[in-house]
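Some notes on the structure that comes next.
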Amino acid sequence: MSAWAVRRGINDAVKKTAENKHAIEVIIGSLRPLYNKTATLGYATEPFGSSLNNAILKLNQPNLTISDKDIMYLTIRNWGLVLTATLLAVGAFAQPNPLFKRLSAAQTGIGFKNQLTESDTLNILNQANIYNGGGVGIGDFNRDGLMDVYFAGNMVSNKLYLNKGALKFDDVTEAAGVTGQGHWATGIAVVDIDANGWPDIYVSASFRSDPKLRTNLLYLNQGLNKAGVPTFKESAAAYGLADDGFSTQAYFFDYDRDGDLDMYQVTNEIYDPRTPIRYRPKLTDGSALNTDRLYRNDGNGRGDGPKFADVSKAAGIKIEGWGHAAAITDLNQDGWPDIYIANDFVSNDLGYINNKDG
């Protein structure tokens, strides 16, 4: 029986009088397979299961009053609608051969959990961005033909898992040297920034009051160690990418079409006193802390020393926003990449059209 059919049956039965024991039995009969299906999926349905069993027992009591039936009737109906909505949401009645199958941590070896620990001084009431989350990057970091997984952690270590085949992964974080160094990591970009054929990792960081602990990280892939594990060297400062401005996610693309990758940094800083979260004139001169940044790559990415320069104001990236994500695309189909940014709170989403002038 489909979830929609059960819901229709419930609504039809509700139209009948609460004195009609058969109507209640129809509802219970419809809900029992729904309850069993939901429990099979691993959802917390025990309160409903107890209510359902109690209702079945009470139905057979000879001195059951109409008032009791009314209460029980409504209770069963409401639980039925909740279960129906739950099953619709999780696709319990989806096609018999789903396209995707959930694998457990025990099966894959991926046990990463971005666990947050709240306190009286660190919680959603005084830190609006606490649940903005982390990020994940996919890349073949050891160049064995299999895609590996790198997770960003907020209050926990970042994690790198090497793909061993057959969806089995090994945690090599410590050996690879990519723990995140205690930074509140918010986003991951996998990019071969030094153009040597080995994928590197750029970590956006935020939230911490100490700038050193919210500075973005650039992990340069150094190749494999003797154990076959890729090792990394943190080099954000050397490349001019040690951004400490409450970053969300970085996007690497060649905006000036000079053959190397530049970077757009989405930002979300909510505690600049000049930009309170209320309706007001927006700051459009690039001075707000919650303004995104554009970095131009002024070298080929090889060797020592800075290669990226912050050209945000010169390029017209000056409008404040509380950024969650961006999309790099050719909005006007002129062959040059443009930028669309999704912002939060009272800021507008932004669309920057490439003027082709660097």
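Chain lettering (A, B, ...) mirrors the order of the structure tokens, residue numbering begins at 1 for each chain separately, and ligand numbering begins at 1 in order of display.
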
For segment 241-249 of chain A, find every residue with an atom within 7 Å (counting only C-alpha atoms), except residues of its own chain fewer than 3 positions away, and show them as a PyMOL selection string.
chain A and resi 186-188+204-207+211+214-217+236-237+265-269+308+324-325

Neighbouring residues of Pro199 of chain A were defined as those with any atom within 6 Å, considering only C-alpha atoms; residues of the same chain fewer than 3 positions away were excluded. Please report them as a ChimeraX atom specification.
/A:141,191-192

Writing out the chosen residues with all heavy atoms as a tab-separated table (two decimals), in the first residue's frame:
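Heads up, here's the output in part_13.tsv:
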```
chain	number	residue	atom	x	y	z
A	141	PHE	N	44.81	11.79	-4.41
A	141	PHE	CA	45.98	12.41	-3.81
A	141	PHE	C	47.25	11.56	-3.94
A	141	PHE	O	48.36	12.10	-3.91
A	141	PHE	CB	45.71	12.75	-2.35
A	141	PHE	CG	44.59	13.72	-2.17
A	141	PHE	CD1	43.37	13.33	-1.62
A	141	PHE	CD2	44.73	15.05	-2.56
A	141	PHE	CE1	42.33	14.23	-1.46
A	141	PHE	CE2	43.70	15.95	-2.42
A	141	PHE	CZ	42.49	15.54	-1.86
A	191	VAL	N	42.95	21.34	-5.70
A	191	VAL	CA	43.47	22.04	-6.87
A	191	VAL	C	44.97	21.74	-7.00
A	191	VAL	O	45.68	21.65	-6.00
A	191	VAL	CB	43.24	23.57	-6.73
A	191	VAL	CG1	43.86	24.10	-5.44
A	191	VAL	CG2	43.75	24.33	-7.93
A	192	ASP	N	45.43	21.56	-8.21
A	192	ASP	CA	46.87	21.41	-8.44
A	192	ASP	C	47.45	22.80	-8.61
A	192	ASP	O	47.71	23.27	-9.72
A	192	ASP	CB	47.12	20.56	-9.69
A	192	ASP	CG	48.59	20.29	-9.92
A	192	ASP	OD1	49.41	20.61	-9.03
A	192	ASP	OD2	48.94	19.77	-11.01
```

Run DSSP on the backbone and tell me which residues of segment 158-225 of chain A come out as alpha helix (DSSP H); list them as a PyMOL selection string.
chain A and resi 173-176

Residues as selected, N, CA, C and O atoms, written as a short mmCIF file (atom, residue, chain, number, x, y, z; two decimals), in the first residue's frame, can you do that?
```cif
data_model
loop_
_atom_site.label_atom_id
_atom_site.label_comp_id
_atom_site.auth_asym_id
_atom_site.auth_seq_id
_atom_site.Cartn_x
_atom_site.Cartn_y
_atom_site.Cartn_z
N THR A 173 45.51 10.66 7.97
CA THR A 173 45.60 12.09 8.28
C THR A 173 46.92 12.48 8.92
O THR A 173 47.59 13.42 8.47
N GLU A 174 47.29 11.78 9.96
CA GLU A 174 48.50 12.14 10.70
C GLU A 174 49.74 11.95 9.84
O GLU A 174 50.63 12.81 9.80
N ALA A 175 49.82 10.83 9.14
CA ALA A 175 50.99 10.56 8.30
C ALA A 175 51.10 11.57 7.17
O ALA A 175 52.20 11.94 6.75
N ALA A 176 49.95 12.02 6.67
CA ALA A 176 49.95 12.97 5.55
C ALA A 176 50.20 14.40 6.02
O ALA A 176 50.60 15.26 5.22
#
```

Separation of atom CA of Val149 of chain A from atom CA of Tyr161 of chain A in Å
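Atom-to-atom, atom CA of Tyr161 of chain A to atom CA of Val149 of chain A, that is 5.2 Å.
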
Please measure the separation of atom CA of Ile201 of chain A and atom CA of Lys233 of chain A, giving the value in Å to one decimal.
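Between atom CA of Ile201 of chain A and atom CA of Lys233 of chain A the gap works out to 10.0 Å.
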
Between atom CA of Val203 of chain A and atom CA of Ser287 of chain A, distance in Å (one decimal)
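Separation of atom CA of Val203 of chain A and atom CA of Ser287 of chain A: 24.0 Å.
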
Skip Asp148 of chain A itself and residues of its chain fewer than 3 positions away, then list as a ChimeraX atom specification all residues within 12 Å of it, counting only C-alpha atoms.
/A:110,136-145,151,159-165,167-173,190,199,229-230

Please extract the residues of segment 207-323 of chain A with a backbone DSSP assignment of strand (DSSP E) and present them as JSON, numbers by chain.
{"A": [217, 218, 219, 220, 221, 222, 223, 224, 230, 231, 232, 233, 234, 247, 248, 249, 250, 251, 252, 253, 262, 263, 264, 265, 266, 267, 293, 294, 295, 296, 297, 308, 309, 310, 323]}

Applying 12 Å and only C-alpha atoms, which residues near Asn114 of chain A remain after dropping the ones on its own chain fewer than 4 positions away? List them as a ChimeraX atom specification.
/A:130-136,151-159,184-186

List as a VMD selection string the protein and nucleic acid residues near Leu350 of chain A, meaning an atom at most 9 Å away when only C-alpha atoms are counted, but skip any in the same chain fewer than 2 places from it.
chain A and resid 319 321 339 to 343 347 to 348 352

Keeping only all heavy atoms, write the selected residues as a PDB file, in the first residue's frame.
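File out18.pdb, as written:
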```pdb
ATOM      1  N   ILE A 319      31.234  44.761  -2.644  1.00  0.00           N
ATOM      2  CA  ILE A 319      29.907  44.768  -2.029  1.00  0.00           C
ATOM      3  C   ILE A 319      29.850  43.729  -0.911  1.00  0.00           C
ATOM      4  O   ILE A 319      30.209  42.575  -1.113  1.00  0.00           O
ATOM      5  CB  ILE A 319      28.821  44.472  -3.075  1.00  0.00           C
ATOM      6  CG1 ILE A 319      28.919  45.474  -4.232  1.00  0.00           C
ATOM      7  CG2 ILE A 319      27.432  44.517  -2.434  1.00  0.00           C
ATOM      8  CD1 ILE A 319      27.976  45.168  -5.381  1.00  0.00           C
ATOM      9  N   GLY A 321      28.527  41.047   1.919  1.00  0.00           N
ATOM     10  CA  GLY A 321      27.575  39.935   1.877  1.00  0.00           C
ATOM     11  C   GLY A 321      27.966  38.902   2.914  1.00  0.00           C
ATOM     12  O   GLY A 321      29.085  38.920   3.429  1.00  0.00           O
ATOM     13  N   ILE A 339      30.989  35.276 -11.896  1.00  0.00           N
ATOM     14  CA  ILE A 339      30.858  34.746 -10.531  1.00  0.00           C
ATOM     15  C   ILE A 339      29.465  35.063 -10.000  1.00  0.00           C
ATOM     16  O   ILE A 339      29.024  36.216 -10.045  1.00  0.00           O
ATOM     17  CB  ILE A 339      31.906  35.369  -9.579  1.00  0.00           C
ATOM     18  CG1 ILE A 339      33.310  35.293 -10.189  1.00  0.00           C
ATOM     19  CG2 ILE A 339      31.877  34.669  -8.222  1.00  0.00           C
ATOM     20  CD1 ILE A 339      34.334  36.137  -9.440  1.00  0.00           C
ATOM     21  N   TYR A 340      28.794  34.041  -9.484  1.00  0.00           N
ATOM     22  CA  TYR A 340      27.514  34.252  -8.805  1.00  0.00           C
ATOM     23  C   TYR A 340      27.670  33.792  -7.353  1.00  0.00           C
ATOM     24  O   TYR A 340      28.141  32.681  -7.101  1.00  0.00           O
ATOM     25  CB  TYR A 340      26.382  33.473  -9.472  1.00  0.00           C
ATOM     26  CG  TYR A 340      25.026  33.802  -8.882  1.00  0.00           C
ATOM     27  CD1 TYR A 340      24.290  34.874  -9.368  1.00  0.00           C
ATOM     28  CD2 TYR A 340      24.503  33.059  -7.831  1.00  0.00           C
ATOM     29  CE1 TYR A 340      23.061  35.204  -8.821  1.00  0.00           C
ATOM     30  CE2 TYR A 340      23.276  33.383  -7.271  1.00  0.00           C
ATOM     31  CZ  TYR A 340      22.556  34.454  -7.772  1.00  0.00           C
ATOM     32  OH  TYR A 340      21.343  34.775  -7.220  1.00  0.00           O
ATOM     33  N   ILE A 341      27.273  34.653  -6.405  1.00  0.00           N
ATOM     34  CA  ILE A 341      27.462  34.360  -4.990  1.00  0.00           C
ATOM     35  C   ILE A 341      26.113  34.303  -4.269  1.00  0.00           C
ATOM     36  O   ILE A 341      25.287  35.210  -4.401  1.00  0.00           O
ATOM     37  CB  ILE A 341      28.348  35.425  -4.302  1.00  0.00           C
ATOM     38  CG1 ILE A 341      29.696  35.537  -5.013  1.00  0.00           C
ATOM     39  CG2 ILE A 341      28.568  35.064  -2.831  1.00  0.00           C
ATOM     40  CD1 ILE A 341      29.762  36.694  -5.992  1.00  0.00           C
ATOM     41  N   ALA A 342      25.895  33.223  -3.516  1.00  0.00           N
ATOM     42  CA  ALA A 342      24.696  33.079  -2.695  1.00  0.00           C
ATOM     43  C   ALA A 342      24.997  33.599  -1.296  1.00  0.00           C
ATOM     44  O   ALA A 342      25.869  33.071  -0.610  1.00  0.00           O
ATOM     45  CB  ALA A 342      24.263  31.617  -2.633  1.00  0.00           C
ATOM     46  N   ASN A 343      24.278  34.649  -0.875  1.00  0.00           N
ATOM     47  CA  ASN A 343      24.507  35.304   0.410  1.00  0.00           C
ATOM     48  C   ASN A 343      23.365  35.058   1.384  1.00  0.00           C
ATOM     49  O   ASN A 343      22.252  34.694   0.988  1.00  0.00           O
ATOM     50  CB  ASN A 343      24.700  36.809   0.221  1.00  0.00           C
ATOM     51  CG  ASN A 343      26.076  37.154  -0.296  1.00  0.00           C
ATOM     52  OD1 ASN A 343      27.080  36.600   0.147  1.00  0.00           O
ATOM     53  ND2 ASN A 343      26.142  38.067  -1.258  1.00  0.00           N
ATOM     54  N   SER A 347      21.729  40.554   3.120  1.00  0.00           N
ATOM     55  CA  SER A 347      22.511  40.879   1.927  1.00  0.00           C
ATOM     56  C   SER A 347      21.905  40.222   0.702  1.00  0.00           C
ATOM     57  O   SER A 347      21.282  39.166   0.774  1.00  0.00           O
ATOM     58  CB  SER A 347      23.963  40.430   2.098  1.00  0.00           C
ATOM     59  OG  SER A 347      24.017  39.054   2.402  1.00  0.00           O
ATOM     60  N   ASN A 348      22.104  40.869  -0.432  1.00  0.00           N
ATOM     61  CA  ASN A 348      21.612  40.332  -1.697  1.00  0.00           C
ATOM     62  C   ASN A 348      22.584  39.292  -2.243  1.00  0.00           C
ATOM     63  O   ASN A 348      23.774  39.331  -1.966  1.00  0.00           O
ATOM     64  CB  ASN A 348      21.458  41.452  -2.733  1.00  0.00           C
ATOM     65  CG  ASN A 348      20.524  42.554  -2.274  1.00  0.00           C
ATOM     66  OD1 ASN A 348      20.962  43.623  -1.884  1.00  0.00           O
ATOM     67  ND2 ASN A 348      19.237  42.283  -2.328  1.00  0.00           N
ATOM     68  N   TYR A 352      28.752  38.883 -10.438  1.00  0.00           N
ATOM     69  CA  TYR A 352      29.828  39.720 -10.994  1.00  0.00           C
ATOM     70  C   TYR A 352      30.107  39.282 -12.424  1.00  0.00           C
ATOM     71  O   TYR A 352      30.495  38.147 -12.682  1.00  0.00           O
ATOM     72  CB  TYR A 352      31.100  39.574 -10.155  1.00  0.00           C
ATOM     73  CG  TYR A 352      31.050  40.272  -8.812  1.00  0.00           C
ATOM     74  CD1 TYR A 352      31.111  39.520  -7.625  1.00  0.00           C
ATOM     75  CD2 TYR A 352      30.966  41.657  -8.720  1.00  0.00           C
ATOM     76  CE1 TYR A 352      31.070  40.169  -6.387  1.00  0.00           C
ATOM     77  CE2 TYR A 352      30.932  42.289  -7.486  1.00  0.00           C
ATOM     78  CZ  TYR A 352      30.981  41.543  -6.329  1.00  0.00           C
ATOM     79  OH  TYR A 352      30.944  42.169  -5.106  1.00  0.00           O
TER      80      TYR A 352
END
```
